[in-house]
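Student: Dropping the structure in here first, questions after.
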Amino acid sequence: MQKVRAINDLPAPFPLVDADPVAGRVIRYMRPSDYGTWVATTAAMPAAIYAYQLADPMPTGPKGLRPTLKLATFLGFAGGFLLAYQSSSLRLWGWKENAIEVERDQSELSKLASEGKPLYGETTLSPYIQGVSHRNSVWSQLKFSVMPWFNFVNHEHHGVDTTKYSK
C-alpha cells in the first residue's frame, strides 16, 4: 500500500502555520509590509499610465485619460491585494519568515482549544464537500495570475498537528 503524503508536506525553511488557510485568516495575518505592497501597487498603476501619457500623449486628450486612469487604479488595487494576499499565504505555509504568525497562531488557537471551540471554525458542510473545497483551494495562491481563488470554507484540512494547541 502506498503511503499518502500529508497536506503541504514540502520542505519549508520555516514552520507550517496553516496549509490551507481560510481567506479571512490570511487577511487578518497580513503585515504592514503587505499593506504597503497593496498601496504601492494601487498607486503605481495609474502613475505609470500618467507617465506614459506625458511621454506619448493620447490623441483623445485629458478627457480620454480619465477612464484609463480609473481602470488602472482598479487593476492596481486588485493586483496589489493579490500580491499582499499571496505574501501572507506564503508566511502561513512557512515559505517566508513567519515568527509573528507562529506566535499569533499558537495564542489564538490555544485559546479556542481551552474554550472547547472548534479550532478552524464551525461548518454545516459534509466532510466530502469540505474535502472538495480543500482540494480546490490548497495551492490556489500560486495561480492568481490564471484565476483568483480563495478558500471561504471552514474545514479540518490544515496540515498541522492540532494537539499542540491543547497543551
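Simple scheme: letters A, B, ... for chains in C-alpha cells order, numbers from 1 for residues in each chain, numbers from 1 for ligands in the order shown.
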Residues of stretch 3-60 of chain A within 6 Å of stretch 65-87 of chain A: nearest atom pair and distance (Å, one decimal) for each, counting only C-alpha atoms, sorted by chain and number, as JSON lines?

Tutor:
{"residue": "A:Asp34", "atom": "CA", "partner": "A:Ala84", "partner_atom": "CA", "distance": 4.6}
{"residue": "A:Trp38", "atom": "CA", "partner": "A:Gly80", "partner_atom": "CA", "distance": 3.9}
{"residue": "A:Thr41", "atom": "CA", "partner": "A:Gly80", "partner_atom": "CA", "distance": 5.0}
{"residue": "A:Thr42", "atom": "CA", "partner": "A:Gly76", "partner_atom": "CA", "distance": 4.0}
{"residue": "A:Met45", "atom": "CA", "partner": "A:Gly76", "partner_atom": "CA", "distance": 5.2}
{"residue": "A:Pro46", "atom": "CA", "partner": "A:Ala72", "partner_atom": "CA", "distance": 5.1}

Student: Using only C-alpha atoms, which residues sit within 10 Å of A:Val17 once same-chain residues fewer than 4 positions away are excluded, as a short mmCIF file (atom, residue, chain, number, x, y, z; two decimals) with C-alpha atoms, in the first residue's frame?

Tutor:
data_model
loop_
_atom_site.label_atom_id
_atom_site.label_comp_id
_atom_site.auth_asym_id
_atom_site.auth_seq_id
_atom_site.Cartn_x
_atom_site.Cartn_y
_atom_site.Cartn_z
CA PRO A 21 -5.96 28.98 5.40
CA SER A 89 -0.23 32.99 2.49
CA LEU A 90 3.44 32.18 1.89
CA ARG A 91 4.20 33.06 5.51
CA LEU A 92 1.36 30.83 6.73
CA TRP A 93 2.79 28.00 4.59
CA GLY A 94 6.25 28.53 6.10
CA ASN A 98 6.83 33.76 9.93
CA ALA A 99 7.79 34.10 13.59
CA GLU A 101 2.40 34.32 12.57
CA VAL A 102 3.56 31.24 14.51
CA GLU A 103 3.22 33.08 17.82
CA ARG A 104 -0.17 34.54 16.90
CA ASP A 105 -1.46 31.17 15.67
CA GLN A 106 -0.36 29.46 18.88
CA HIS A 158 -4.82 22.36 7.61
CA GLY A 159 -1.77 20.11 7.72
CA VAL A 160 -0.82 20.76 11.34
#

Student: Quick one: of A:Val26, A:Leu109, A:Leu54, A:Val153, who's nearest to A:Ser166, counting only C-alpha atoms?

Tutor: A:Leu109

Student: Rounded to one decimal place, report the atom CA of A:Tyr165-atom CA of A:Glu97 distance in Å.

Tutor: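 Atom CA of A:Glu97 lies at a distance of 21.2 Å from atom CA of A:Tyr165.
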
Student: Contacts of stretch 115-130 of chain A at 8 Å or less, counting only C-alpha atoms, minus same-chain residues fewer than 3 places along, as a PyMOL selection string?

Tutor: chain A and resi 109+111-112+133-134+153-156

Student: Export N, CA and C atoms of the chosen residues as an mmCIF file, in the first residue's frame?

Tutor:
data_model
loop_
_atom_site.group_PDB
_atom_site.id
_atom_site.type_symbol
_atom_site.label_atom_id
_atom_site.label_comp_id
_atom_site.auth_asym_id
_atom_site.auth_seq_id
_atom_site.Cartn_x
_atom_site.Cartn_y
_atom_site.Cartn_z
ATOM 1 N N LEU A 109 -5.257 29.852 18.635
ATOM 2 C CA LEU A 109 -5.852 28.518 18.606
ATOM 3 C C LEU A 109 -5.772 27.824 19.959
ATOM 4 N N LYS A 111 -6.220 29.392 22.747
ATOM 5 C CA LYS A 111 -7.365 29.980 23.452
ATOM 6 C C LYS A 111 -8.663 29.286 23.027
ATOM 7 N N LEU A 112 -8.839 29.066 21.722
ATOM 8 C CA LEU A 112 -10.038 28.364 21.238
ATOM 9 C C LEU A 112 -10.094 26.940 21.787
ATOM 10 N N SER A 133 -13.648 21.311 -1.212
ATOM 11 C CA SER A 133 -13.240 22.701 -1.058
ATOM 12 C C SER A 133 -11.738 22.794 -0.809
ATOM 13 N N HIS A 134 -11.245 21.935 0.057
ATOM 14 C CA HIS A 134 -9.812 21.934 0.355
ATOM 15 C C HIS A 134 -8.991 21.620 -0.892
ATOM 16 N N VAL A 153 -14.270 28.217 3.045
ATOM 17 C CA VAL A 153 -14.922 27.122 3.760
ATOM 18 C C VAL A 153 -14.095 26.712 4.975
ATOM 19 N N ASN A 154 -14.739 26.633 6.116
ATOM 20 C CA ASN A 154 -14.082 26.085 7.306
ATOM 21 C C ASN A 154 -14.035 24.570 7.162
ATOM 22 N N HIS A 155 -12.850 24.000 7.323
ATOM 23 C CA HIS A 155 -12.681 22.554 7.230
ATOM 24 C C HIS A 155 -11.531 22.128 8.132
ATOM 25 N N GLU A 156 -11.271 20.848 8.194
ATOM 26 C CA GLU A 156 -10.243 20.317 9.092
ATOM 27 C C GLU A 156 -8.933 19.998 8.384
#
